[in-house]
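Text of the file upload-v4.txt, holding compact mmCIF, C-alpha atoms:
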```
# COMPACT_ATOMS: atom_id res chain seq x y z
CA MET A 1 133.45 108.33 73.71
CA ARG A 2 132.44 104.73 72.97
CA GLU A 3 135.45 103.42 74.81
CA ILE A 4 133.92 104.59 78.11
CA PHE A 5 131.14 102.05 77.64
CA GLN A 6 133.49 99.19 76.82
CA ASN A 7 133.91 96.93 79.85
CA ASN A 8 131.81 99.35 81.90
CA ARG A 9 130.78 98.45 85.45
CA LEU A 10 127.38 100.09 85.40
CA VAL A 11 125.22 102.33 83.22
CA ASP A 12 122.53 104.34 84.99
CA ASN A 13 119.88 103.43 82.43
CA GLY A 14 117.15 104.77 84.72
CA SER A 15 118.29 108.35 84.26
CA LEU A 16 118.21 108.16 80.46
CA LYS A 17 114.43 108.46 80.34
CA LEU A 18 114.77 112.03 81.64
CA TYR A 19 116.93 113.10 78.72
CA LEU A 20 115.63 111.04 75.80
CA ARG A 21 111.90 111.66 76.05
CA ASP A 22 111.83 113.71 72.84
CA GLN A 23 114.24 111.53 70.87
CA ASN A 24 113.13 109.30 68.02
CA LEU A 25 114.87 106.00 68.75
CA ASN A 26 114.62 102.76 66.85
CA LYS A 27 112.16 100.22 68.24
CA TYR A 28 114.57 98.25 70.39
CA GLY A 29 116.43 101.29 71.66
CA ASP A 30 113.07 102.72 72.66
CA TYR A 31 112.06 99.44 74.33
CA TRP A 32 115.33 99.40 76.27
CA VAL A 33 114.89 102.89 77.70
CA TYR A 34 111.18 102.33 78.34
CA SER A 35 111.97 99.26 80.48
CA PHE A 36 113.67 101.41 83.09
CA TRP A 37 110.58 103.56 83.46
CA ALA A 38 108.09 100.69 83.42
CA ILE A 39 109.78 98.51 86.08
CA PRO A 40 110.59 100.26 89.38
CA TYR A 41 114.08 100.13 90.89
CA LEU A 42 115.65 98.97 87.64
CA ASN A 43 118.87 100.80 86.86
CA ASP A 44 121.15 98.32 85.09
CA ILE A 45 120.55 94.82 83.77
CA ARG A 46 122.90 92.22 82.37
CA THR A 47 122.95 88.46 82.72
CA ARG A 48 124.78 86.33 85.27
CA SER A 49 124.24 83.22 83.14
CA ASP A 50 126.20 82.11 80.07
CA LEU A 51 123.15 82.37 77.84
CA PRO A 52 122.88 85.13 75.20
CA PHE A 53 121.71 88.51 76.45
CA THR A 54 122.52 91.77 74.70
CA THR A 55 122.57 95.37 75.91
CA PRO A 56 123.04 98.53 73.85
CA TRP A 57 126.39 99.15 75.52
CA GLY A 58 128.39 96.11 74.40
CA CYS A 59 129.11 94.97 77.95
CA ASP A 60 126.51 92.25 78.36
CA GLN A 61 127.80 89.92 81.08
CA HIS A 62 129.39 90.12 84.49
CA PRO A 63 132.99 89.13 85.29
CA GLU A 64 133.46 85.43 85.92
CA PHE A 65 133.49 85.79 89.71
CA MET A 66 130.01 87.37 89.62
CA ARG A 67 128.40 84.69 87.47
CA LEU A 68 125.43 82.63 88.64
CA PRO A 69 126.58 79.44 90.39
CA LYS A 70 125.26 76.05 89.35
CA LEU A 71 122.18 75.82 91.55
CA LYS A 72 121.48 72.67 93.56
CA PHE A 73 119.31 71.50 96.43
CA THR A 74 120.45 71.95 100.02
CA ASP A 75 118.92 70.84 103.30
CA MET A 76 120.69 73.56 105.29
CA SER A 77 118.33 75.83 107.22
CA LEU A 78 118.43 79.57 106.62
CA SER A 79 119.28 80.02 110.29
CA ASP A 80 122.34 77.77 109.96
CA ILE A 81 123.46 79.58 106.80
CA LEU A 82 123.17 82.99 108.50
CA ASP A 83 125.18 81.76 111.49
CA LYS A 84 127.83 80.21 109.28
CA ARG A 85 128.16 83.34 107.11
CA ALA A 86 128.65 85.67 110.10
CA ILE A 87 131.37 83.44 111.55
CA GLU A 88 133.04 83.10 108.14
CA ILE A 89 133.19 86.85 107.51
CA HIS A 90 134.37 87.57 111.05
CA GLN A 91 137.19 85.05 110.75
CA ARG A 92 138.19 86.52 107.40
CA ALA A 93 138.29 90.01 108.92
CA VAL A 94 140.49 88.73 111.75
CA THR A 95 142.84 86.93 109.34
CA ASP A 96 143.09 89.93 107.00
CA ASN A 97 143.18 92.46 109.88
CA LYS A 98 140.14 94.40 108.66
CA LYS A 99 137.38 96.34 110.36
CA ILE A 100 133.74 95.56 109.58
CA TYR A 101 131.20 98.26 108.72
CA ILE A 102 127.55 97.19 108.77
CA MET A 103 125.04 99.43 107.00
CA PHE A 104 121.91 99.28 109.20
CA SER A 105 118.61 100.69 107.90
CA GLY A 106 116.36 99.03 110.47
CA GLY A 107 114.73 96.87 107.79
CA ILE A 108 114.54 93.10 107.82
CA ASP A 109 117.62 92.46 105.66
CA SER A 110 120.08 94.63 107.58
CA THR A 111 118.60 93.67 110.97
CA THR A 112 119.00 89.98 110.12
CA LEU A 113 122.60 90.59 109.04
CA LEU A 114 123.48 92.39 112.27
CA THR A 115 121.60 89.80 114.33
CA ALA A 116 123.80 87.07 112.85
CA PHE A 117 126.95 88.75 114.16
CA ILE A 118 125.45 89.52 117.59
CA LYS A 119 124.39 85.87 117.95
CA ASN A 120 127.65 84.32 116.85
CA ILE A 121 130.53 86.66 117.71
CA PRO A 122 131.66 87.28 121.33
CA ALA A 123 130.68 90.74 122.56
CA GLN A 124 134.26 91.83 123.27
CA GLU A 125 135.23 91.12 119.65
CA LEU A 126 132.26 93.11 118.38
CA ASP A 127 133.41 96.13 120.38
CA ASP A 128 136.85 96.23 118.79
CA ARG A 129 136.15 95.52 115.16
CA TYR A 130 132.60 96.56 114.26
CA THR A 131 130.98 99.87 113.33
CA ILE A 132 127.31 100.44 112.49
CA ILE A 133 126.48 102.85 109.66
CA MET A 134 123.04 104.32 110.29
CA SER A 135 120.81 107.40 110.47
CA ALA A 136 117.87 108.74 112.42
CA ASN A 137 115.65 106.86 109.98
CA SER A 138 117.30 103.61 111.05
CA ILE A 139 116.31 104.29 114.64
CA ALA A 140 112.76 105.21 113.66
CA GLU A 141 112.33 102.04 111.60
CA ASN A 142 113.55 99.70 114.34
CA TYR A 143 113.83 101.61 117.62
CA TYR A 144 113.56 98.51 119.84
CA PHE A 145 116.58 96.89 118.16
CA TYR A 146 118.60 100.10 118.24
CA LYS A 147 117.90 100.71 121.93
CA ASN A 148 118.67 97.17 123.08
CA TYR A 149 121.41 95.98 120.71
CA ILE A 150 123.21 98.99 119.20
CA HIS A 151 123.09 101.95 121.59
CA ASN A 152 126.23 102.05 123.77
CA LYS A 153 127.26 98.65 122.39
CA PHE A 154 128.67 99.57 118.97
CA ARG A 155 130.53 102.48 117.50
CA THR A 156 128.17 104.24 115.09
CA ILE A 157 128.70 106.50 112.06
CA ASN A 158 126.07 108.55 110.27
CA TRP A 159 125.34 107.43 106.71
CA LEU A 160 126.34 110.89 105.51
CA ASP A 161 129.88 110.32 106.77
CA LEU A 162 130.45 107.01 105.00
CA ASP A 163 132.79 107.31 102.03
CA VAL A 164 133.50 104.07 100.15
CA THR A 165 136.96 104.68 98.75
CA GLN A 166 139.76 102.38 97.70
CA ASN A 167 141.57 103.19 100.95
CA LEU A 168 138.52 102.32 103.03
CA LEU A 169 138.10 99.01 101.22
CA LYS A 170 141.74 98.11 101.91
CA ASP A 171 141.07 98.24 105.65
CA THR A 172 137.34 97.52 105.91
CA ILE A 173 134.70 94.96 104.96
CA VAL A 174 131.55 96.90 104.06
CA LEU A 175 128.29 94.95 104.53
CA HIS A 176 124.74 95.84 103.54
CA GLY A 177 121.42 94.04 103.24
CA ASP A 178 120.27 94.84 99.71
CA PRO A 179 121.23 91.55 97.99
CA ALA A 180 118.89 89.62 100.31
CA ASN A 181 115.92 90.76 98.23
CA ALA A 182 117.27 88.79 95.32
CA LEU A 183 117.49 85.54 97.23
CA LEU A 184 115.06 85.49 100.13
CA SER A 185 111.80 86.89 98.75
CA VAL A 186 109.86 87.54 95.56
CA PRO A 187 110.94 91.14 94.98
CA THR A 188 108.40 92.10 92.32
CA VAL A 189 105.42 90.93 94.37
CA ASN A 190 103.01 93.50 92.95
CA VAL A 191 103.36 92.08 89.45
CA ILE A 192 101.89 88.70 90.46
CA THR A 193 99.35 89.86 93.07
CA SER A 194 96.40 89.37 90.75
CA LEU A 195 97.43 85.73 90.13
CA VAL A 196 97.88 84.59 93.73
CA GLU A 197 94.24 84.04 94.73
CA ASP A 198 93.67 81.41 92.03
CA GLY A 199 97.17 79.95 92.27
CA GLU A 200 98.06 80.99 88.73
CA HIS A 201 101.41 82.32 89.93
CA LEU A 202 102.48 78.70 90.52
CA LYS A 203 101.96 77.59 86.91
CA PRO A 204 105.16 77.02 84.88
CA PHE A 205 106.29 80.22 83.18
CA ARG A 206 107.65 78.82 79.91
CA PRO A 207 104.32 77.34 78.72
CA ASN A 208 102.49 80.38 80.14
CA VAL A 209 104.51 83.21 78.67
CA GLY A 210 101.27 84.95 77.72
CA THR A 211 100.25 85.13 81.38
CA VAL A 212 103.60 86.68 82.32
CA ILE A 213 103.26 89.25 79.53
CA ASP A 214 99.65 90.10 80.41
CA THR A 215 100.39 90.55 84.11
CA LEU A 216 103.41 92.73 83.34
CA GLU A 217 101.33 94.98 81.08
CA SER A 218 98.60 95.16 83.70
CA PHE A 219 101.13 96.05 86.39
CA VAL A 220 102.61 98.86 84.29
CA LEU A 221 99.19 100.32 83.49
CA LYS A 222 98.13 100.20 87.13
CA SER A 223 101.32 101.30 88.87
CA ARG A 224 102.89 103.65 86.35
CA GLY A 225 99.89 105.16 84.56
CA ARG A 226 100.69 108.31 82.71
CA GLY A 227 104.40 109.02 82.78
CA VAL A 228 107.15 110.71 80.86
CA PHE A 229 106.61 108.36 77.95
CA GLY A 230 102.89 109.03 77.70
CA TYR A 231 99.93 106.71 78.21
CA GLY A 232 99.93 102.99 78.71
CA VAL A 233 102.34 100.28 77.64
CA ARG A 234 104.49 100.42 74.54
CA GLU A 235 102.99 98.08 71.95
CA GLY A 236 105.07 94.92 71.79
CA TRP A 237 107.36 95.96 74.64
CA ALA A 238 106.21 93.45 77.29
CA GLU A 239 106.45 90.54 74.85
CA TRP A 240 109.98 91.62 73.88
CA TYR A 241 111.07 92.14 77.49
CA VAL A 242 109.69 88.86 78.86
CA SER A 243 111.00 86.84 75.90
CA LYS A 244 114.44 88.42 76.27
CA MET A 245 114.54 87.46 79.94
CA ILE A 246 113.32 83.90 79.39
CA ASP A 247 115.92 83.27 76.68
CA ALA A 248 118.68 84.06 79.20
CA ILE A 249 117.28 82.02 82.12
CA PRO A 250 119.01 78.62 82.52
CA GLN A 251 116.89 75.48 82.18
CA TYR A 252 116.23 73.91 85.59
CA GLU A 253 113.68 71.35 86.75
CA HIS A 254 112.93 73.56 89.75
CA ALA A 255 112.10 77.30 90.00
CA THR A 256 109.88 77.15 86.93
CA SER A 257 106.70 78.97 88.07
CA VAL A 258 105.37 82.33 86.90
CA ALA A 259 106.33 83.73 90.31
CA ALA A 260 109.78 82.14 90.00
CA PHE A 261 110.23 84.00 86.71
CA TRP A 262 110.37 87.18 88.76
CA TRP A 263 112.80 85.51 91.16
CA TRP A 264 115.00 84.77 88.16
CA HIS A 265 114.48 88.34 86.96
CA TYR A 266 116.17 89.51 90.14
CA ILE A 267 118.97 87.02 90.77
CA ASN A 268 120.02 86.75 87.12
CA PHE A 269 119.51 90.33 85.92
CA LYS A 270 118.71 92.91 88.63
CA TRP A 271 121.33 91.49 91.00
CA HIS A 272 123.78 94.09 89.72
CA GLY A 273 121.97 97.07 91.22
CA SER A 274 121.38 95.52 94.64
CA MET A 275 124.94 94.40 95.15
CA LEU A 276 126.50 97.65 93.98
CA ARG A 277 124.56 100.27 95.95
CA PRO A 278 127.48 101.38 98.13
CA PHE A 279 129.48 102.05 94.97
CA PHE A 280 127.09 104.66 93.65
CA PHE A 281 125.42 106.02 96.79
CA THR A 282 128.27 106.34 99.32
CA ARG A 283 131.25 107.76 97.46
CA SER A 284 132.15 111.41 97.92
CA SER A 285 134.21 111.36 94.73
CA VAL A 286 133.47 109.05 91.84
CA GLN A 287 136.71 110.17 90.18
CA ASP A 288 138.78 107.96 92.48
CA PRO A 289 139.28 104.49 90.96
CA VAL A 290 138.64 101.20 92.74
CA SER A 291 140.95 98.36 91.74
CA GLU A 292 139.75 95.00 90.50
CA GLU A 293 141.39 93.38 93.52
CA GLU A 294 139.49 95.51 96.02
CA PHE A 295 136.22 95.19 94.12
CA LYS A 296 136.49 91.40 94.02
CA TYR A 297 137.21 91.33 97.74
CA TYR A 298 134.15 93.53 98.33
CA TYR A 299 132.04 91.16 96.25
CA ASP A 300 133.37 88.01 97.94
CA THR A 301 132.60 89.42 101.39
CA CYS A 302 129.12 90.80 100.66
CA PHE A 303 127.12 89.11 103.40
CA TYR A 304 124.26 87.64 101.36
CA ILE A 305 126.41 86.70 98.38
CA ASN A 306 127.61 83.12 98.58
CA ASN A 307 126.61 79.74 97.23
CA ASP A 308 124.79 78.68 100.41
CA PHE A 309 122.28 81.52 100.07
CA HIS A 310 121.83 80.81 96.35
CA HIS A 311 121.22 77.12 96.99
CA TRP A 312 118.83 77.78 99.90
CA SER A 313 116.80 80.18 97.80
CA TYR A 314 116.60 77.72 94.91
CA SER A 315 115.70 74.83 97.24
CA ASN A 316 112.96 76.81 98.98
CA ILE A 317 111.55 78.71 96.03
CA ASP A 318 108.09 77.12 96.40
CA ARG A 319 107.84 78.33 99.98
CA ILE A 320 109.02 81.80 98.98
CA VAL A 321 106.55 82.24 96.12
CA ARG A 322 103.47 80.55 97.63
CA THR A 323 102.97 83.28 100.20
CA PRO A 324 104.40 86.48 98.68
CA SER A 325 102.41 88.63 101.13
CA ASP A 326 104.07 86.91 104.12
CA TYR A 327 107.27 88.90 103.86
CA LYS A 328 110.47 87.00 104.75
CA PRO A 329 109.04 84.96 107.64
CA GLU A 330 112.25 82.96 108.22
CA MET A 331 114.26 86.15 108.65
CA ARG A 332 111.74 87.64 111.06
CA ASP A 333 111.86 84.40 113.07
CA TYR A 334 115.65 84.56 113.12
CA ILE A 335 115.57 88.09 114.52
CA TYR A 336 112.93 87.06 117.07
CA GLU A 337 115.21 84.35 118.46
CA LEU A 338 117.45 87.18 119.65
CA THR A 339 115.03 89.99 120.47
CA HIS A 340 111.70 88.31 121.36
CA ASP A 341 110.12 91.39 119.79
CA ASP A 342 106.60 90.18 118.91
CA LEU A 343 105.59 93.44 117.23
CA TYR A 344 108.46 93.36 114.72
CA ARG A 345 108.01 89.63 114.10
CA LYS A 346 104.28 89.84 113.38
CA HIS A 347 103.95 93.13 111.57
CA LYS A 348 107.21 94.12 109.92
CA GLY A 349 106.78 94.16 106.15
CA PHE A 350 108.49 95.68 103.16
CA LYS A 351 109.57 99.28 103.39
CA ALA A 352 112.07 100.80 101.02
CA SER A 353 114.73 102.40 103.19
CA ARG A 354 115.36 106.08 102.59
CA ARG A 355 118.71 106.86 101.02
CA THR A 356 119.84 109.38 103.59
CA ASN A 357 123.48 109.13 102.56
CA LEU A 358 123.23 110.91 99.24
CA ASN A 359 125.56 113.88 99.17
CA ALA A 360 125.12 117.08 97.22
CA GLN A 361 127.28 115.93 94.32
CA GLN A 362 125.38 112.69 93.92
CA ILE A 363 121.93 114.25 93.75
CA SER A 364 123.00 116.90 91.26
CA THR A 365 122.78 116.61 87.51
CA ASP A 366 126.46 115.62 87.56
CA MET A 367 125.72 112.16 88.92
CA PRO A 368 127.54 109.67 86.65
CA LEU A 369 125.74 108.10 83.74
CA VAL A 370 128.36 105.40 83.28
CA TYR A 371 131.05 103.86 85.51
CA ASP A 372 134.04 102.56 83.61
CA LYS A 373 136.05 99.40 84.31
CA ASN A 374 137.99 101.21 87.06
CA TRP A 375 134.82 102.42 88.80
CA VAL A 376 135.45 106.01 87.74
CA GLY A 377 132.15 107.77 87.10
CA HIS A 378 131.53 109.79 83.92
CA PRO A 379 128.71 112.36 84.08
CA ARG A 380 126.30 113.04 81.28
CA SER A 381 127.53 115.43 78.61
CA ASN A 382 126.29 116.48 75.17
CA GLU A 383 129.01 114.39 73.54
CA MET A 384 128.14 111.36 75.67
CA MET A 385 124.42 111.67 74.92
CA LYS A 386 125.17 111.69 71.19
CA THR A 387 127.03 108.40 71.68
CA VAL A 388 124.15 107.00 73.79
CA ILE A 389 121.64 107.81 71.05
CA GLU A 390 123.90 106.23 68.42
CA LEU A 391 124.26 103.04 70.48
CA LEU A 392 120.53 102.85 71.18
CA ASN A 393 119.70 103.28 67.50
CA GLU A 394 122.17 100.51 66.62
CA TYR A 395 120.70 98.17 69.21
CA LYS A 396 119.23 95.00 67.69
CA GLY A 397 117.27 93.89 70.75
```
Final structure tokens representation of the file:
Amino acid sequence: MREIFQNNRLVDNGSLKLYLRDQNLNKYGDYWVYSFWAIPYLNDIRTRSDLPFTTPWGCDQHPEFMRLPKLKFTDMSLSDILDKRAIEIHQRAVTDNKKIYIMFSGGIDSTTLLTAFIKNIPAQELDDRYTIIMSANSIAENYYFYKNYIHNKFRTINWLDLDVTQNLLKDTIVLHGDPANALLSVPTVNVITSLVEDGEHLKPFRPNVGTVIDTLESFVLKSRGRGVFGYGVREGWAEWYVSKMIDAIPQYEHATSVAAFWWWHYINFKWHGSMLRPFFFTRSSVQDPVSEEEFKYYYDTCFYINNDFHHWSYSNIDRIVRTPSDYKPEMRDYIYELTHDDLYRKHKGFKASRRTNLNAQQISTDMPLVYDKNWVGHPRSNEMMKTVIELLNEYKG
């Protein structure tokens, strides 16, 4: 059973807390599982850097093509990068004779993505090649945009009918907005809220590790309260978790603040979950493999995943973290240039989009616990859980 975990693509660590609540695990195995309850939207973490970072599963780092690029300053505007990326992906689709599917939730990330194509690609080319994947919730979240820029202008497919298979990926570039959270905002804003008023979130995180630990513990107590693991924060957990993250964050002269620590937390560790959502929420059968070739092509053509976005985020980190409550202003301005929708520009904030595309198999107890190197999903079983417990008890932190 251990071989399933070797070279795995993803382990749904977040589901383990449901099945291990009564197990006596060693300290670090317990810390590992607890992390996925304490920090929302965490399902799999591993490093994109070359620095040491261990998991209980023995697959600790991403493939080379997913590694963190060497970050550097850029004077490119976000608007120019968005324009350039839309043109680049369109030209690649034309060259490779592929269709383009855009997953549209109505939120800022997916609306910005679609806006980039509408601004930069001739309308007649959009008609032939593009399809919008959406739901009634997409319309409700951004009705003005749907009415004026999607309805009767694009072919549309309901989220429930999207099936990301190897065959689809051979003919289609699938785009979604999730990775933008890693690069264009401070995703874990609530953790640092208490520090913003006095500017403590802008202090360097390495000399102020204690502040990071204290605010994380406070966040868990306030937001999570009494949960499946009982009251409060595990003693010693926050110190272990923060120290583990810091040890695997590359040394840079920039992006060194307490707030930037949480930026690093996303782009270096949580990146995995954001980029991979279509692979575990839009597949009717997780028993069908996806080749390395098709997966790499999917990764290379993810809209928000390229060096320009990484460099822009790094270069503008101070602007991103100084006003965490002003949610993605540059993206809202970019959308406004097309729509002139004052209401959306002024008032649109963060809203987690509903996952309306989950099918019956995926919301059942048979949802995979681990995806192997071929993207085949393996559901939880008694034999697998015995292996999980063994690996967690062997984990050295």
Which residues of segment 292-326 of chain A come within 12 Å of segment 103-110 of chain A, and for each one, what is the closest pair of atoms and their distance in Å to one decimal, counting all atoms listed in the file, sorted by chain and residue number, as JSON lines?
```
{"residue": "A:Cys302", "atom": "CA", "partner": "A:Met103", "partner_atom": "CA", "distance": 11.5}
{"residue": "A:Phe303", "atom": "CA", "partner": "A:Ser110", "partner_atom": "CA", "distance": 9.9}
{"residue": "A:Tyr304", "atom": "CA", "partner": "A:Asp109", "partner_atom": "CA", "distance": 9.3}
```
May I have the residues within 8 Å of segment 285-287 of chain A as a list in words, using all atoms listed in the file and disregarding those fewer than 3 positions away in the same chain?
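After dropping sequence-adjacent residues, the list is Phe280, Pro368, Trp375, Val376 and Gly377 of chain A.
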With C-alpha atoms retained, write the just-selected residues as an mmCIF file, in the coordinates of the input.
```cif
data_model
loop_
_atom_site.group_PDB
_atom_site.id
_atom_site.type_symbol
_atom_site.label_atom_id
_atom_site.label_comp_id
_atom_site.auth_asym_id
_atom_site.auth_seq_id
_atom_site.Cartn_x
_atom_site.Cartn_y
_atom_site.Cartn_z
ATOM 1 C CA PHE A 280 127.090 104.660 93.650
ATOM 2 C CA PRO A 368 127.540 109.670 86.650
ATOM 3 C CA TRP A 375 134.820 102.420 88.800
ATOM 4 C CA VAL A 376 135.450 106.010 87.740
ATOM 5 C CA GLY A 377 132.150 107.770 87.100
#
```
If I put a ball of radius 12 Å at (131.4, 83.7, 106.7) in the file's coordinates, which residues poke into it when counting only C-alpha atoms, written as a short mmCIF file (atom, residue, chain, number, x, y, z; two decimals) with C-alpha atoms, keeping the file's coordinate frame?
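point-v1.cif written:
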```cif
data_model
loop_
_atom_site.label_atom_id
_atom_site.label_comp_id
_atom_site.auth_asym_id
_atom_site.auth_seq_id
_atom_site.Cartn_x
_atom_site.Cartn_y
_atom_site.Cartn_z
CA ASP A 80 122.34 77.77 109.96
CA ILE A 81 123.46 79.58 106.80
CA LEU A 82 123.17 82.99 108.50
CA ASP A 83 125.18 81.76 111.49
CA LYS A 84 127.83 80.21 109.28
CA ARG A 85 128.16 83.34 107.11
CA ALA A 86 128.65 85.67 110.10
CA ILE A 87 131.37 83.44 111.55
CA GLU A 88 133.04 83.10 108.14
CA ILE A 89 133.19 86.85 107.51
CA HIS A 90 134.37 87.57 111.05
CA GLN A 91 137.19 85.05 110.75
CA ARG A 92 138.19 86.52 107.40
CA ALA A 93 138.29 90.01 108.92
CA VAL A 94 140.49 88.73 111.75
CA LEU A 113 122.60 90.59 109.04
CA ALA A 116 123.80 87.07 112.85
CA PHE A 117 126.95 88.75 114.16
CA ASN A 120 127.65 84.32 116.85
CA ILE A 121 130.53 86.66 117.71
CA ILE A 173 134.70 94.96 104.96
CA LEU A 175 128.29 94.95 104.53
CA ASP A 300 133.37 88.01 97.94
CA THR A 301 132.60 89.42 101.39
CA CYS A 302 129.12 90.80 100.66
CA PHE A 303 127.12 89.11 103.40
CA TYR A 304 124.26 87.64 101.36
CA ILE A 305 126.41 86.70 98.38
CA ASN A 306 127.61 83.12 98.58
CA ASN A 307 126.61 79.74 97.23
CA ASP A 308 124.79 78.68 100.41
CA PHE A 309 122.28 81.52 100.07
#
```
Quick one: pull the distance between atom CA of Thr74 of chain A and atom CA of Asp333 of chain A, Å, one decimal.
20.0 Å
Would you mind reading off the distance between atom CA of Arg67 of chain A and atom CA of Phe53 of chain A, one decimal, in Å?
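Separation of atom CA of Arg67 of chain A and atom CA of Phe53 of chain A: 13.4 Å.
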Step by step: start from the point (104.7, 74.3, 86.2) in the file's coordinates, keep every protein, DNA or RNA residue that has an atom no farther than 12 Å from it, count all atoms listed in the file, and write the set as a VMD selection string.
chain A and resid 199 to 209 252 to 261 318
A:Trp264, A:Tyr371, A:Trp271, A:Trp32 ranked by distance to Asp288 of chain A, top pick (using only C-alpha atoms)
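The shortest atom-to-atom distance to Asp288 of chain A comes from A:Tyr371.
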Counting only C-alpha atoms, which residue out of A:Lys119, A:Lys270, A:Arg46, A:Arg332 sits closest to Pro63 of chain A?
A:Arg46
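Relative to atom CA of Arg380 of chain A, atom CA of Asn167 of chain A is found at 26.8 Å.
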